[in-house]
Amino acid sequence: MVKKDLPFSVEKLESIAKEYGTPFHIYDESAIIKNVRGLKEAFSWAPEFKEYFAVKATPNPYILKILAEEGLGADCSSLPELILAEKVGLRGEDIVLTSNNTPAQEYKKARDLGAIINLDDISHIDFLDKEVGIPEMISFRYNPGSLRQGGNSIIGNPEDAKYGVTREQIFECYSKVRSLGAKRFGLHTMVISNELDPNFFIETARMMFELAVELKRKLNICIEVINLGGGIGIPYRPEQEPVDLNYVGKMIEKVYNDTIVPNGLNPIKIAMECGRMITGPYGYLVSKVLHKKEIYKNYVGLDSCMADLMRPGIYGAYHHISVIGKEHLPLDHVYDIVGSLCENNDKFAIDRALPKIDINDLIVIHDTGAHGHAMGFNYNGKLRSQELLLKPDKTVNLIRRAETIDDYFATLDFSLL
Ligand SMILES: *Cc1c(COP(=O)(O)O)cnc(C)c1O
């Protein structure tokens with residue numbers, strides 16, 4: 001059987017399920033920390049390196065706190081995400097606001113926190129100026145248009161993506177903010193999502209370093225921070241390999257030495273804003289089998305649903321599944337693993353070969369640590385699950401309780417009926 005490892009024994013998971021009830025997402029703290037240290041190590045050659053965790057991936061303050069203690073900042077794109085970063089003690093340039101179609105109140109909050117504001121459009125310069133003034137430090141998100149290597153299925157071709165400013169606009173952007181008083185400059189892009197080919201990140205870095213050189217030559221703008229965005233993929237399928245971060249780091253170092261250094265731009269700070277690769281592989285959605293149904297196909301119904309994990313339903317994304325205690329049995333049954341939404345794409349897996357499943361079996365869906373719980377919605381009156389944290393000493397903390405029916409009704413006033 002193709003296997004993915006679990007950070008707990010069968011007995012341990014059974015006892016957690018017994019204590020907390022199912023379903024739940026559980027995150028493995030020590031694995032997250034080890035992974036973050038690996039990323040930082042891969043860029044330890046840089047004059048300065050900062051990973052701003054994309055809060056939208058796992059917007060839980062207990063996770064953000066662990067990351068902040070490892071020296072990570074926060075990449076936010078909404079007012080609640082800025083507030084979450086603030087709640088865990090992040091301030092100033094440890095926070096980046098990379099939003100789009102941005103409301104004034106987000107700019108105001110970012111300004112109050114001293115966060116780096118990363119503008120998504122040339123028209124936002126005047127908007128920002130009018131609403132909160134132009135800060136000393138300002139960054140722009142670059143959209144390179146049609147890329148040499150094309151886009152991918154999640155973000156699409158950058159040309160079709162709504163994000164960022166064009167190549168023509170970017171020069172005007174920096175001239176304009178400088179004339180309005182900006183003194184320090186960042187340059188950002190995010191062109192890819194869930195990409196496993198290391199060359200994409202190396203080529204992105206090359207494109208950005210060359211652009212920084214051009215900005216210096218044409219406008220005498222000195223870029224202080226180059227933010228390469230997120231988008232590093234994770235091996236959702238057991239046969240896939242993770243991105244070799246050391247290789248990516250080494251190759252980007254080489255590109256830096258070939259572009260930034262000879263043009264006299266050293267030192268430039270390198271930043272990233274990964275979400276998925278930081279927490280994704282270290283979260284697990286644990287559910288119990290509620291029903292089995294045999295009609296034209298064989299279905300296994302869980303006590304979780306799309307409210308807990310949207311990716312299979314909306315992207316057709318693969319998430320590996322383990323049937324706890326049956327890891328060594330042959331995969332001689334084929335099932336659709338489904339939730340309870342009245343929505344036929346509420347399926348965690350379709351035609352998946354698995355061992356024989358019985359009612360009350362514990363089912364683990366892998367790689368739910370990023371864009372998992374966070375994406376959930378309440379359609380059909382479904383409530384989102386609790387989130388647990390597996391501590392390095394293997395104790396478990398509840399870091400978000402499950403939603404209740406009162407939460408679901410919280411925005412209604414029944415007394416006016
Ligand atoms: C979503 C997002 C990220 C994180 O993407 P991952 O695929 O989780 O690494 C980073 N930056 C921006 C602007 C985003 O929208």
# chains A, B, ... in the order shown; residues from 1 in each chain; ligands from 1
call {"tool": "select_by_dssp", "arguments": {"residues": "range 85-239 of chain A", "states": "alpha helix (DSSP H)", "output": "PyMOL selection string"}}
result
chain A and resi 85-87+104-113+124-131+167-179+198-219
call {"tool": "closest_atom_pairs", "arguments": {"of": "chain A", "to": "ligand 1", "cutoff": "10 Å", "atoms": "only C-alpha atoms and all ligand atoms", "output": "Markdown table"}}
result
| residue | atom | partner | partner_atom_place_in_ligand_line | distance |
| --- | --- | --- | --- | --- |
| A:Tyr52 | CA | ligand 1 | 10 (C) | 8.4 |
| A:Phe53 | CA | ligand 1 | 4 (C) | 7.6 |
| A:Ala54 | CA | ligand 1 | 4 (C) | 4.9 |
| A:Val55 | CA | ligand 1 | 4 (C) | 8.0 |
| A:Lys56 | CA | ligand 1 | 1 (C) | 6.7 |
| A:Ala57 | CA | ligand 1 | 8 (O) | 5.6 |
| A:Thr58 | CA | ligand 1 | 8 (O) | 9.1 |
| A:Ala74 | CA | ligand 1 | 10 (C) | 9.9 |
| A:Asp75 | CA | ligand 1 | 11 (N) | 6.8 |
| A:Cys76 | CA | ligand 1 | 13 (C) | 8.0 |
| A:Ser77 | CA | ligand 1 | 13 (C) | 7.3 |
| A:Val96 | CA | ligand 1 | 13 (C) | 9.6 |
| A:Leu97 | CA | ligand 1 | 13 (C) | 8.6 |
| A:Thr98 | CA | ligand 1 | 13 (C) | 5.3 |
| A:Ser99 | CA | ligand 1 | 13 (C) | 6.7 |
| A:Asn100 | CA | ligand 1 | 13 (C) | 8.6 |
| A:Asn118 | CA | ligand 1 | 13 (C) | 9.3 |
| A:Asp120 | CA | ligand 1 | 13 (C) | 9.5 |
| A:Arg141 | CA | ligand 1 | 13 (C) | 8.6 |
| A:Ile154 | CA | ligand 1 | 7 (O) | 9.4 |
| A:Ile155 | CA | ligand 1 | 15 (O) | 9.6 |
| A:Tyr163 | CA | ligand 1 | 13 (C) | 8.6 |
| A:Gly164 | CA | ligand 1 | 13 (C) | 9.6 |
| A:His188 | CA | ligand 1 | 13 (C) | 9.0 |
| A:Thr189 | CA | ligand 1 | 13 (C) | 7.9 |
| A:Met190 | CA | ligand 1 | 13 (C) | 6.2 |
| A:Val191 | CA | ligand 1 | 13 (C) | 9.1 |
| A:Ile192 | CA | ligand 1 | 7 (O) | 7.6 |
| A:Ser193 | CA | ligand 1 | 7 (O) | 4.8 |
| A:Asn194 | CA | ligand 1 | 7 (O) | 5.3 |
| A:Glu195 | CA | ligand 1 | 7 (O) | 8.2 |
| A:Asn227 | CA | ligand 1 | 11 (N) | 9.4 |
| A:Leu228 | CA | ligand 1 | 11 (N) | 8.9 |
| A:Gly229 | CA | ligand 1 | 11 (N) | 5.2 |
| A:Gly230 | CA | ligand 1 | 9 (O) | 3.7 |
| A:Gly231 | CA | ligand 1 | 7 (O) | 3.6 |
| A:Ile232 | CA | ligand 1 | 9 (O) | 5.4 |
| A:Gly233 | CA | ligand 1 | 7 (O) | 6.7 |
| A:Ile234 | CA | ligand 1 | 7 (O) | 9.2 |
| A:Met272 | CA | ligand 1 | 10 (C) | 7.9 |
| A:Glu273 | CA | ligand 1 | 10 (C) | 4.8 |
| A:Cys274 | CA | ligand 1 | 9 (O) | 3.6 |
| A:Gly275 | CA | ligand 1 | 8 (O) | 3.4 |
| A:Arg276 | CA | ligand 1 | 8 (O) | 3.7 |
| A:Met277 | CA | ligand 1 | 9 (O) | 6.1 |
| A:Ile278 | CA | ligand 1 | 9 (O) | 7.8 |
| A:Thr279 | CA | ligand 1 | 8 (O) | 8.9 |
| A:Gly280 | CA | ligand 1 | 8 (O) | 8.2 |
| A:Ala370 | CA | ligand 1 | 8 (O) | 6.8 |
| A:His371 | CA | ligand 1 | 8 (O) | 7.2 |
call {"tool": "closest_residue", "arguments": {"among": "A:Glu403, A:Glu203, A:Asp336, A:Glu51", "to": "Val36 in chain A", "atoms": "only C-alpha atoms"}}
result
A:Glu51
call {"tool": "select_by_dssp", "arguments": {"residues": "range 91-280 of chain A", "states": "strand (DSSP E)", "output": "ChimeraX atom specification"}}
result
/A:95-98,116-119,137-142,184-189,223-227,269-272
call {"tool": "residues_around", "arguments": {"residues": "Ala46 in chain A", "least_positions_apart": "6", "cutoff": "12 Å", "atoms": "only C-alpha atoms", "output": "JSON, numbers by chain"}}
result
{"A": [40, 225, 226, 249, 250, 251, 252, 253, 254, 255, 256, 257, 260, 261, 266, 267, 268, 269, 270, 271]}
call {"tool": "residues_around", "arguments": {"residues": "range 22-28 of chain A", "least_positions_apart": "3", "cutoff": "7 Å", "atoms": "only C-alpha atoms", "output": "VMD selection string"}}
result
chain A and resid 17 31 to 32 282 to 288 303 to 304 369 385 to 391
call {"tool": "write_last_selection", "arguments": {"atoms": "all heavy atoms", "output": "short mmCIF file (atom, residue, chain, number, x, y, z; two decimals), in the first residue's frame"}}
result
data_model
loop_
_atom_site.label_atom_id
_atom_site.label_comp_id
_atom_site.auth_asym_id
_atom_site.auth_seq_id
_atom_site.Cartn_x
_atom_site.Cartn_y
_atom_site.Cartn_z
N ALA A 17 -9.45 10.87 19.54
CA ALA A 17 -10.82 10.90 18.98
C ALA A 17 -11.85 10.67 20.08
O ALA A 17 -12.92 11.26 20.08
CB ALA A 17 -10.95 9.84 17.89
N ALA A 31 6.67 19.09 13.64
CA ALA A 31 6.96 18.97 12.21
C ALA A 31 6.92 20.34 11.53
O ALA A 31 7.72 20.63 10.63
CB ALA A 31 5.96 18.02 11.55
N ILE A 32 6.00 21.19 11.96
CA ILE A 32 5.91 22.55 11.39
C ILE A 32 7.21 23.31 11.69
O ILE A 32 7.79 23.94 10.81
CB ILE A 32 4.68 23.31 11.96
CG1 ILE A 32 3.38 22.69 11.42
CG2 ILE A 32 4.75 24.80 11.62
CD1 ILE A 32 2.10 23.23 12.06
N TYR A 282 1.38 19.13 7.49
CA TYR A 282 1.42 18.81 8.92
C TYR A 282 0.06 18.94 9.60
O TYR A 282 -0.03 19.05 10.82
CB TYR A 282 2.51 19.67 9.60
CG TYR A 282 3.76 19.67 8.76
CD1 TYR A 282 4.17 20.80 8.07
CD2 TYR A 282 4.46 18.47 8.55
CE1 TYR A 282 5.27 20.77 7.22
CE2 TYR A 282 5.56 18.43 7.70
CZ TYR A 282 5.96 19.59 7.04
OH TYR A 282 7.04 19.55 6.19
N GLY A 283 -0.99 18.95 8.78
CA GLY A 283 -2.35 18.95 9.30
C GLY A 283 -3.12 17.77 8.75
O GLY A 283 -2.86 17.31 7.62
N TYR A 284 -4.04 17.24 9.56
CA TYR A 284 -4.79 16.03 9.20
C TYR A 284 -6.24 16.25 9.59
O TYR A 284 -6.52 16.69 10.71
CB TYR A 284 -4.23 14.82 9.97
CG TYR A 284 -2.74 14.64 9.79
CD1 TYR A 284 -1.84 15.38 10.57
CD2 TYR A 284 -2.23 13.76 8.83
CE1 TYR A 284 -0.47 15.25 10.40
CE2 TYR A 284 -0.86 13.63 8.66
CZ TYR A 284 0.02 14.37 9.45
OH TYR A 284 1.37 14.24 9.27
N LEU A 285 -7.16 15.92 8.69
CA LEU A 285 -8.58 15.95 9.05
C LEU A 285 -8.98 14.53 9.45
O LEU A 285 -8.86 13.59 8.66
CB LEU A 285 -9.42 16.44 7.86
CG LEU A 285 -10.95 16.37 8.04
CD1 LEU A 285 -11.43 17.17 9.25
CD2 LEU A 285 -11.66 16.85 6.76
N VAL A 286 -9.41 14.41 10.70
CA VAL A 286 -9.76 13.09 11.23
C VAL A 286 -11.28 13.00 11.38
O VAL A 286 -11.90 13.86 12.02
CB VAL A 286 -9.07 12.86 12.60
CG1 VAL A 286 -9.43 11.48 13.15
CG2 VAL A 286 -7.54 13.01 12.45
N SER A 287 -11.86 11.99 10.78
CA SER A 287 -13.31 11.81 10.78
C SER A 287 -13.65 10.37 11.10
O SER A 287 -12.78 9.49 11.06
CB SER A 287 -13.91 12.11 9.40
OG SER A 287 -13.39 13.29 8.86
N LYS A 288 -14.91 10.16 11.37
CA LYS A 288 -15.39 8.80 11.62
C LYS A 288 -16.38 8.41 10.52
O LYS A 288 -17.09 9.28 10.00
CB LYS A 288 -16.09 8.77 12.98
CG LYS A 288 -16.01 7.45 13.67
CD LYS A 288 -16.52 7.54 15.09
CE LYS A 288 -15.45 7.08 16.06
NZ LYS A 288 -15.92 7.10 17.43
N ASP A 303 -18.37 11.83 9.05
CA ASP A 303 -19.04 12.83 9.88
C ASP A 303 -18.49 14.23 9.63
O ASP A 303 -18.89 15.20 10.27
CB ASP A 303 -18.99 12.46 11.38
CG ASP A 303 -17.57 12.30 11.91
OD1 ASP A 303 -16.60 12.53 11.14
OD2 ASP A 303 -17.42 11.94 13.09
N SER A 304 -17.55 14.38 8.67
CA SER A 304 -17.10 15.69 8.22
C SER A 304 -17.66 15.90 6.81
O SER A 304 -18.22 14.98 6.23
CB SER A 304 -15.58 15.75 8.19
OG SER A 304 -15.08 14.72 7.36
N GLY A 369 -3.32 20.90 6.47
CA GLY A 369 -2.82 21.94 7.37
C GLY A 369 -2.87 23.35 6.80
O GLY A 369 -2.71 24.32 7.53
N SER A 385 -15.43 22.19 11.86
CA SER A 385 -14.91 21.33 12.93
C SER A 385 -13.98 22.10 13.86
O SER A 385 -13.54 23.21 13.57
CB SER A 385 -14.13 20.17 12.31
OG SER A 385 -12.93 20.65 11.75
N GLN A 386 -13.61 21.44 14.95
CA GLN A 386 -12.60 21.95 15.87
C GLN A 386 -11.20 21.78 15.27
O GLN A 386 -11.01 21.02 14.32
CB GLN A 386 -12.70 21.19 17.19
CG GLN A 386 -12.49 19.69 17.00
CD GLN A 386 -12.99 18.85 18.17
OE1 GLN A 386 -12.86 19.25 19.31
NE2 GLN A 386 -13.55 17.68 17.88
N GLU A 387 -10.24 22.51 15.85
CA GLU A 387 -8.83 22.37 15.47
C GLU A 387 -8.03 22.01 16.72
O GLU A 387 -8.19 22.64 17.77
CB GLU A 387 -8.28 23.68 14.88
CG GLU A 387 -8.89 24.05 13.53
CD GLU A 387 -8.31 25.37 13.00
OE1 GLU A 387 -8.59 26.43 13.59
OE2 GLU A 387 -7.57 25.33 12.01
N LEU A 388 -7.17 21.01 16.58
CA LEU A 388 -6.33 20.54 17.69
C LEU A 388 -4.86 20.73 17.32
O LEU A 388 -4.49 20.72 16.15
CB LEU A 388 -6.58 19.06 17.98
CG LEU A 388 -8.03 18.61 18.21
CD1 LEU A 388 -8.07 17.09 18.47
CD2 LEU A 388 -8.67 19.34 19.38
N LEU A 389 -4.05 20.87 18.36
CA LEU A 389 -2.61 20.99 18.15
C LEU A 389 -1.91 19.85 18.88
O LEU A 389 -2.10 19.66 20.09
CB LEU A 389 -2.12 22.34 18.70
CG LEU A 389 -0.64 22.64 18.52
CD1 LEU A 389 -0.28 22.77 17.05
CD2 LEU A 389 -0.26 23.93 19.27
N LEU A 390 -1.13 19.07 18.14
CA LEU A 390 -0.31 18.01 18.73
C LEU A 390 1.02 18.65 19.12
O LEU A 390 1.80 19.08 18.27
CB LEU A 390 -0.09 16.90 17.71
CG LEU A 390 0.71 15.67 18.15
CD1 LEU A 390 -0.03 14.88 19.21
CD2 LEU A 390 1.04 14.77 16.95
N LYS A 391 1.25 18.76 20.43
CA LYS A 391 2.45 19.44 20.93
C LYS A 391 3.68 18.52 20.77
O LYS A 391 3.53 17.30 20.63
CB LYS A 391 2.26 19.79 22.41
CG LYS A 391 1.06 20.68 22.70
CD LYS A 391 1.25 22.10 22.23
CE LYS A 391 2.32 22.83 23.03
NZ LYS A 391 2.58 24.17 22.42
#
call {"tool": "atom_distance", "arguments": {"atom1": "CA of Ile223 in chain A", "atom2": "CA of Phe185 in chain A"}}
result
5.1 Å
call {"tool": "atom_distance", "arguments": {"atom1": "CA of Phe171 in chain A", "atom2": "CA of Met137 in chain A"}}
result
16.4 Å
call {"tool": "atom_distance", "arguments": {"atom1": "CA of His320 in chain A", "atom2": "CA of Ile365 in chain A"}}
result
5.9 Å
call {"tool": "closest_residue", "arguments": {"among": "A:Ala212, A:Ile125, A:Leu67, A:Ile116", "to": "Leu82 in chain A", "atoms": "only C-alpha atoms"}}
result
A:Ile116
call {"tool": "residues_around", "arguments": {"residues": "His124 in chain A", "least_positions_apart": "6", "cutoff": "12 Å", "atoms": "only C-alpha atoms", "output": "ChimeraX atom specification"}}
result
/A:99-104,107,117-118,130-134,138-141,164-165,173,176-177
call {"tool": "residues_around", "arguments": {"residues": "Leu64 in chain A", "least_positions_apart": "3", "cutoff": "10 Å", "atoms": "only C-alpha atoms", "output": "NGL selection string"}}
result
:A and (53-55 or 58-61 or 67-70 or 72-74 or 84-85 or 87-90)
call {"tool": "write_last_selection", "arguments": {"atoms": "C-alpha atoms", "output": "compact mmCIF listing (two decimals), in the first residue's frame"}}
result
# COMPACT_ATOMS: atom_id res chain seq x y z
CA PHE A 53 3.38 33.27 6.57
CA ALA A 54 0.26 33.66 4.40
CA VAL A 55 -2.29 33.91 7.20
CA THR A 58 -4.18 28.58 8.55
CA PRO A 59 -5.65 31.61 10.32
CA ASN A 60 -5.33 30.23 13.82
CA PRO A 61 -3.50 32.43 16.36
CA LEU A 67 5.56 30.63 13.57
CA ALA A 68 6.19 34.09 15.05
CA GLU A 69 8.39 32.47 17.72
CA GLU A 70 10.42 30.96 14.87
CA LEU A 72 8.25 34.41 10.77
CA GLY A 73 6.13 37.42 9.91
CA ALA A 74 2.58 37.50 8.60
CA LEU A 84 -4.84 38.16 13.98
CA ALA A 85 -1.23 39.16 13.30
CA LYS A 87 -3.06 39.56 18.44
CA VAL A 88 0.01 37.33 18.32
CA GLY A 89 2.26 40.30 18.89
CA LEU A 90 3.46 41.01 15.37
call {"tool": "closest_residue", "arguments": {"among": "A:Ile122, A:Leu187, A:Leu354, A:Leu196", "to": "Glu172 in chain A", "atoms": "only C-alpha atoms"}}
result
A:Ile122
call {"tool": "closest_residue", "arguments": {"among": "A:Glu29, A:Lys347, A:Arg178, A:Leu341", "to": "Gly381 in chain A", "atoms": "only C-alpha atoms"}}
result
A:Leu341
call {"tool": "residues_around", "arguments": {"residues": "Leu211 in chain A", "least_positions_apart": "4", "cutoff": "12 Å", "atoms": "only C-alpha atoms", "output": "PyMOL selection string"}}
result
chain A and resi 142-144+167-168+170-171+186-189+204-207+215-219+221-223+226+259-260+263+265
call {"tool": "decode", "arguments": {"residues": "range 79-175 of chain A", "atoms": "C-alpha atoms", "output": "mmCIF file, in the first residue's frame"}}
result
data_model
loop_
_atom_site.group_PDB
_atom_site.id
_atom_site.type_symbol
_atom_site.label_atom_id
_atom_site.label_comp_id
_atom_site.auth_asym_id
_atom_site.auth_seq_id
_atom_site.Cartn_x
_atom_site.Cartn_y
_atom_site.Cartn_z
ATOM 1 C CA LEU A 79 -8.687 43.364 8.188
ATOM 2 C CA PRO A 80 -9.328 40.255 10.336
ATOM 3 C CA GLU A 81 -5.992 38.788 9.183
ATOM 4 C CA LEU A 82 -4.208 42.013 10.192
ATOM 5 C CA ILE A 83 -5.917 41.816 13.580
ATOM 6 C CA LEU A 84 -4.842 38.161 13.978
ATOM 7 C CA ALA A 85 -1.227 39.162 13.298
ATOM 8 C CA GLU A 86 -1.552 41.954 15.850
ATOM 9 C CA LYS A 87 -3.057 39.562 18.442
ATOM 10 C CA VAL A 88 0.007 37.327 18.319
ATOM 11 C CA GLY A 89 2.257 40.301 18.895
ATOM 12 C CA LEU A 90 3.462 41.009 15.370
ATOM 13 C CA ARG A 91 3.962 44.680 14.502
ATOM 14 C CA GLY A 92 5.598 46.947 11.969
ATOM 15 C CA GLU A 93 7.489 45.396 9.113
ATOM 16 C CA ASP A 94 6.917 41.875 10.428
ATOM 17 C CA ILE A 95 3.533 42.261 8.725
ATOM 18 C CA VAL A 96 2.862 42.686 5.012
ATOM 19 C CA LEU A 97 -0.512 43.675 3.612
ATOM 20 C CA THR A 98 -0.764 42.024 0.196
ATOM 21 C CA SER A 99 -4.399 42.534 -0.645
ATOM 22 C CA ASN A 100 -6.301 43.432 -3.775
ATOM 23 C CA ASN A 101 -9.426 45.509 -4.385
ATOM 24 C CA THR A 102 -8.507 46.842 -0.954
ATOM 25 C CA PRO A 103 -10.962 48.744 1.257
ATOM 26 C CA ALA A 104 -9.708 51.904 2.996
ATOM 27 C CA GLN A 105 -10.030 50.395 6.471
ATOM 28 C CA GLU A 106 -7.425 47.728 5.615
ATOM 29 C CA TYR A 107 -4.957 50.393 4.555
ATOM 30 C CA LYS A 108 -5.717 52.316 7.726
ATOM 31 C CA LYS A 109 -5.113 49.303 9.965
ATOM 32 C CA ALA A 110 -1.910 48.400 8.098
ATOM 33 C CA ARG A 111 -0.698 51.994 8.485
ATOM 34 C CA ASP A 112 -1.517 51.971 12.211
ATOM 35 C CA LEU A 113 0.466 48.738 12.632
ATOM 36 C CA GLY A 114 3.377 50.080 10.582
ATOM 37 C CA ALA A 115 3.002 47.109 8.224
ATOM 38 C CA ILE A 116 4.556 47.017 4.768
ATOM 39 C CA ILE A 117 1.825 47.930 2.312
ATOM 40 C CA ASN A 118 2.101 46.081 -0.965
ATOM 41 C CA LEU A 119 -0.025 47.881 -3.544
ATOM 42 C CA ASP A 120 -1.885 45.791 -6.099
ATOM 43 C CA ASP A 121 -2.693 48.564 -8.572
ATOM 44 C CA ILE A 122 -1.433 51.908 -9.834
ATOM 45 C CA SER A 123 -4.788 53.516 -9.044
ATOM 46 C CA HIS A 124 -4.328 52.603 -5.377
ATOM 47 C CA ILE A 125 -1.499 55.135 -5.030
ATOM 48 C CA ASP A 126 -3.963 58.041 -5.071
ATOM 49 C CA PHE A 127 -6.471 56.036 -3.034
ATOM 50 C CA LEU A 128 -3.880 55.295 -0.352
ATOM 51 C CA ASP A 129 -2.627 58.889 -0.406
ATOM 52 C CA LYS A 130 -6.142 60.239 0.077
ATOM 53 C CA GLU A 131 -7.194 57.721 2.746
ATOM 54 C CA VAL A 132 -4.117 57.355 4.959
ATOM 55 C CA GLY A 133 -1.160 59.021 3.251
ATOM 56 C CA ILE A 134 1.834 57.431 1.530
ATOM 57 C CA PRO A 135 4.130 55.693 4.040
ATOM 58 C CA GLU A 136 7.898 55.932 3.885
ATOM 59 C CA MET A 137 8.132 52.238 2.908
ATOM 60 C CA ILE A 138 5.980 50.989 0.049
ATOM 61 C CA SER A 139 5.908 47.917 -2.157
ATOM 62 C CA PHE A 140 4.226 46.930 -5.427
ATOM 63 C CA ARG A 141 2.937 43.609 -6.649
ATOM 64 C CA TYR A 142 4.202 42.889 -10.143
ATOM 65 C CA ASN A 143 2.231 40.935 -12.739
ATOM 66 C CA PRO A 144 4.641 39.973 -15.526
ATOM 67 C CA GLY A 145 1.914 39.106 -18.043
ATOM 68 C CA SER A 146 2.572 36.135 -20.295
ATOM 69 C CA LEU A 147 5.408 34.191 -18.731
ATOM 70 C CA ARG A 148 7.982 32.190 -20.584
ATOM 71 C CA GLN A 149 6.888 29.054 -18.810
ATOM 72 C CA GLY A 150 3.132 29.718 -18.727
ATOM 73 C CA GLY A 151 0.897 29.801 -15.673
ATOM 74 C CA ASN A 152 -0.690 26.876 -13.901
ATOM 75 C CA SER A 153 -4.213 25.735 -13.248
ATOM 76 C CA ILE A 154 -4.830 27.489 -9.941
ATOM 77 C CA ILE A 155 -3.609 31.033 -10.614
ATOM 78 C CA GLY A 156 -3.855 30.696 -14.404
ATOM 79 C CA ASN A 157 -1.652 32.664 -16.748
ATOM 80 C CA PRO A 158 -0.527 35.813 -14.945
ATOM 81 C CA GLU A 159 -2.003 37.727 -17.883
ATOM 82 C CA ASP A 160 -5.450 36.494 -16.893
ATOM 83 C CA ALA A 161 -4.882 36.976 -13.161
ATOM 84 C CA LYS A 162 -6.491 39.996 -11.522
ATOM 85 C CA TYR A 163 -3.401 40.695 -9.402
ATOM 86 C CA GLY A 164 -0.613 43.200 -9.664
ATOM 87 C CA VAL A 165 0.554 45.966 -11.971
ATOM 88 C CA THR A 166 1.837 45.497 -15.509
ATOM 89 C CA ARG A 167 5.377 45.879 -16.715
ATOM 90 C CA GLU A 168 4.548 49.255 -18.272
ATOM 91 C CA GLN A 169 2.898 50.493 -15.091
ATOM 92 C CA ILE A 170 5.536 49.400 -12.602
ATOM 93 C CA PHE A 171 8.051 52.099 -13.519
ATOM 94 C CA GLU A 172 5.413 54.817 -13.264
ATOM 95 C CA CYS A 173 4.310 53.378 -9.886
ATOM 96 C CA TYR A 174 7.714 53.866 -8.262
ATOM 97 C CA SER A 175 8.233 57.357 -9.767
#
